[in-house]
Amino acid sequence: MSTALQAVLFDMDGTLVDTERLWLRAVEEEALGLGIVPADVDLAFVLGRAIDDSAAHLAARSAGRADTARIGESLERRFTELVRRQVVPLPGALELLTALGAEGLPAALVSASPRPVVDTVLDALGRHWFTTSVAAGETPRTKPFPDPYRAALNLLGVSPAACVAVEDTPTGVASAEAAGCAVLAIPSLTAIAPAPRRTVVRSLLNVDLVLLRRLVSDSRAA
């Protein structure tokens, strides 16, 4: 069986672009408007999650002061506007995408953010770097379920065993691993421990094609 790397699947927020802080700012602003102390908002319920999941968490915290749908709409507006004005590629992101492009290796963007936010980031990074993208609401379930990664794999026509998923949150790692991908984790705001078929590094600046190819080879040998 071939051990060649066939594609790299990237999470977006906190992995390729510095948007986790913008998302947390949107959540904190929404929480304050609901009378919730931001420190009481558990990161596990909002980091790496779809907007609907975070909205449901805030609705539960609000003790009935607002419904989930209204909170979700407000969160999407806040986050989209913050990303539109302040999106910044993380160090090493464009260099890695350039290296993949030079080798003709497909890249996919697999995000728990809604399509308007994903499109804003695609425009900022350059759509030509990505063969396909998957956003929240485009699969039956989103992260931490495997559906988004499975959808991207199907669109690319590649085997999960020949791919590496790059993620920054435990939620995203769970999604990629459930889909069968080897995972390269670059923790942003929460710690991620190494595990079988999971390698942890500090930054995209520590990532090159040699490492990505080795992760596929090692995972298949395991």
# chains A, B, ... in the order shown; residues from 1 in each chain; ligands from 1
>>> residues_around(residues="His128 of chain A", least_positions_apart="6", cutoff="10 Å", atoms="only C-alpha atoms", output="list of chain:residue names")
A:Leu97, A:Gly101, A:Ala107, A:Leu122
>>> closest_atom_pairs(of="segment 155-205 of chain A", to="segment 138-149 of chain A", cutoff="10 Å", atoms="only C-alpha atoms", output="tab-separated table")
residue	atom	partner	partner_atom	distance
A:Leu155	CA	A:Tyr149	CA	9.8
A:Pro160	CA	A:Tyr149	CA	8.8
A:Ala165	CA	A:Tyr149	CA	8.5
A:Thr169	CA	A:Pro144	CA	9.9
A:Pro170	CA	A:Pro144	CA	8.3
A:Thr171	CA	A:Pro144	CA	4.9
A:Gly172	CA	A:Pro144	CA	5.9
A:Val173	CA	A:Pro144	CA	7.7
A:Ala174	CA	A:Pro144	CA	5.5
A:Ser175	CA	A:Pro144	CA	4.4
A:Ala176	CA	A:Tyr149	CA	6.0
A:Glu177	CA	A:Pro146	CA	7.6
A:Ala178	CA	A:Pro146	CA	5.2
A:Ala179	CA	A:Pro146	CA	4.8
A:Gly180	CA	A:Pro146	CA	8.5
A:Cys181	CA	A:Tyr149	CA	8.5
>>> closest_residue(among="A:Pro187, A:Gly157, A:Gly14, A:Pro114", to="Leu75 of chain A", atoms="only C-alpha atoms")
A:Pro114
>>> decode(residues="segment 91-137 of chain A", atoms="N, CA and C atoms", output="short mmCIF file (atom, residue, chain, number, x, y, z; two decimals), in the first residue's frame")
data_model
loop_
_atom_site.label_atom_id
_atom_site.label_comp_id
_atom_site.auth_asym_id
_atom_site.auth_seq_id
_atom_site.Cartn_x
_atom_site.Cartn_y
_atom_site.Cartn_z
N PRO A 91 1.64 32.95 11.45
CA PRO A 91 3.00 32.75 10.93
C PRO A 91 3.17 31.34 10.36
N GLY A 92 3.69 31.29 9.15
CA GLY A 92 3.95 30.01 8.49
C GLY A 92 2.82 29.50 7.63
N ALA A 93 1.62 30.10 7.74
CA ALA A 93 0.46 29.60 7.00
C ALA A 93 0.65 29.73 5.49
N LEU A 94 0.97 30.91 5.03
CA LEU A 94 1.11 31.13 3.59
C LEU A 94 2.32 30.37 3.03
N GLU A 95 3.37 30.26 3.82
CA GLU A 95 4.55 29.54 3.37
C GLU A 95 4.22 28.05 3.16
N LEU A 96 3.44 27.47 4.09
CA LEU A 96 3.09 26.06 3.97
C LEU A 96 2.14 25.84 2.79
N LEU A 97 1.17 26.72 2.62
CA LEU A 97 0.26 26.60 1.49
C LEU A 97 1.02 26.74 0.16
N THR A 98 2.01 27.62 0.14
CA THR A 98 2.82 27.79 -1.07
C THR A 98 3.61 26.51 -1.37
N ALA A 99 4.16 25.89 -0.34
CA ALA A 99 4.92 24.65 -0.52
C ALA A 99 4.03 23.53 -1.04
N LEU A 100 2.83 23.42 -0.51
CA LEU A 100 1.89 22.41 -0.99
C LEU A 100 1.54 22.65 -2.45
N GLY A 101 1.27 23.92 -2.78
CA GLY A 101 0.93 24.25 -4.16
C GLY A 101 2.05 23.94 -5.12
N ALA A 102 3.29 24.20 -4.70
CA ALA A 102 4.43 23.94 -5.57
C ALA A 102 4.59 22.46 -5.86
N GLU A 103 4.14 21.61 -4.93
CA GLU A 103 4.24 20.16 -5.10
C GLU A 103 2.98 19.58 -5.74
N GLY A 104 1.99 20.42 -5.98
CA GLY A 104 0.74 19.94 -6.56
C GLY A 104 -0.10 19.12 -5.60
N LEU A 105 0.10 19.32 -4.29
CA LEU A 105 -0.66 18.58 -3.28
C LEU A 105 -1.93 19.36 -2.92
N PRO A 106 -3.10 18.73 -3.03
CA PRO A 106 -4.35 19.43 -2.72
C PRO A 106 -4.46 19.81 -1.25
N ALA A 107 -5.09 20.95 -1.01
CA ALA A 107 -5.40 21.38 0.34
C ALA A 107 -6.90 21.64 0.44
N ALA A 108 -7.47 21.30 1.57
CA ALA A 108 -8.88 21.57 1.83
C ALA A 108 -9.00 22.39 3.10
N LEU A 109 -10.02 23.24 3.16
CA LEU A 109 -10.32 24.02 4.36
C LEU A 109 -11.55 23.39 5.00
N VAL A 110 -11.44 22.97 6.25
CA VAL A 110 -12.52 22.26 6.93
C VAL A 110 -12.83 23.01 8.22
N SER A 111 -13.93 23.76 8.23
CA SER A 111 -14.18 24.70 9.32
C SER A 111 -15.54 24.49 9.98
N ALA A 112 -15.60 24.86 11.26
CA ALA A 112 -16.87 24.89 11.98
C ALA A 112 -17.49 26.27 11.93
N SER A 113 -16.86 27.19 11.19
CA SER A 113 -17.43 28.52 11.00
C SER A 113 -18.42 28.52 9.84
N PRO A 114 -19.36 29.46 9.82
CA PRO A 114 -20.34 29.51 8.73
C PRO A 114 -19.70 29.95 7.41
N ARG A 115 -20.40 29.67 6.31
CA ARG A 115 -19.87 29.95 4.98
C ARG A 115 -19.45 31.41 4.78
N PRO A 116 -20.20 32.43 5.26
CA PRO A 116 -19.74 33.80 5.05
C PRO A 116 -18.36 34.07 5.66
N VAL A 117 -18.08 33.48 6.82
CA VAL A 117 -16.78 33.67 7.45
C VAL A 117 -15.71 32.91 6.67
N VAL A 118 -16.02 31.68 6.27
CA VAL A 118 -15.07 30.89 5.48
C VAL A 118 -14.73 31.61 4.18
N ASP A 119 -15.72 32.15 3.51
CA ASP A 119 -15.46 32.86 2.25
C ASP A 119 -14.61 34.10 2.47
N THR A 120 -14.83 34.79 3.58
CA THR A 120 -14.01 35.96 3.89
C THR A 120 -12.55 35.57 4.07
N VAL A 121 -12.31 34.45 4.76
CA VAL A 121 -10.94 33.98 4.98
C VAL A 121 -10.33 33.46 3.68
N LEU A 122 -11.11 32.75 2.87
CA LEU A 122 -10.61 32.29 1.57
C LEU A 122 -10.14 33.46 0.72
N ASP A 123 -10.91 34.54 0.73
CA ASP A 123 -10.52 35.71 -0.05
C ASP A 123 -9.23 36.33 0.50
N ALA A 124 -9.08 36.29 1.84
CA ALA A 124 -7.89 36.89 2.46
C ALA A 124 -6.64 36.05 2.20
N LEU A 125 -6.77 34.73 2.29
CA LEU A 125 -5.62 33.85 2.11
C LEU A 125 -5.30 33.62 0.64
N GLY A 126 -6.35 33.57 -0.18
CA GLY A 126 -6.20 33.23 -1.59
C GLY A 126 -6.92 31.93 -1.88
N ARG A 127 -8.03 32.00 -2.61
CA ARG A 127 -8.83 30.81 -2.89
C ARG A 127 -8.06 29.77 -3.69
N HIS A 128 -7.07 30.23 -4.46
CA HIS A 128 -6.36 29.31 -5.34
C HIS A 128 -5.55 28.27 -4.57
N TRP A 129 -5.33 28.50 -3.26
CA TRP A 129 -4.57 27.52 -2.50
C TRP A 129 -5.39 26.29 -2.15
N PHE A 130 -6.72 26.37 -2.25
CA PHE A 130 -7.59 25.32 -1.74
C PHE A 130 -8.40 24.66 -2.86
N THR A 131 -8.36 23.35 -2.89
CA THR A 131 -9.14 22.59 -3.86
C THR A 131 -10.61 22.60 -3.50
N THR A 132 -10.91 22.57 -2.20
CA THR A 132 -12.29 22.57 -1.75
C THR A 132 -12.36 23.12 -0.33
N SER A 133 -13.57 23.37 0.14
CA SER A 133 -13.77 23.83 1.52
C SER A 133 -15.11 23.33 2.02
N VAL A 134 -15.18 23.16 3.33
CA VAL A 134 -16.41 22.71 3.99
C VAL A 134 -16.67 23.64 5.17
N ALA A 135 -17.89 24.17 5.25
CA ALA A 135 -18.25 25.10 6.33
C ALA A 135 -19.36 24.51 7.19
N ALA A 136 -19.61 25.13 8.32
CA ALA A 136 -20.69 24.70 9.20
C ALA A 136 -22.02 24.74 8.46
N GLY A 137 -22.86 23.74 8.72
CA GLY A 137 -24.16 23.68 8.08
C GLY A 137 -24.17 22.96 6.75
#
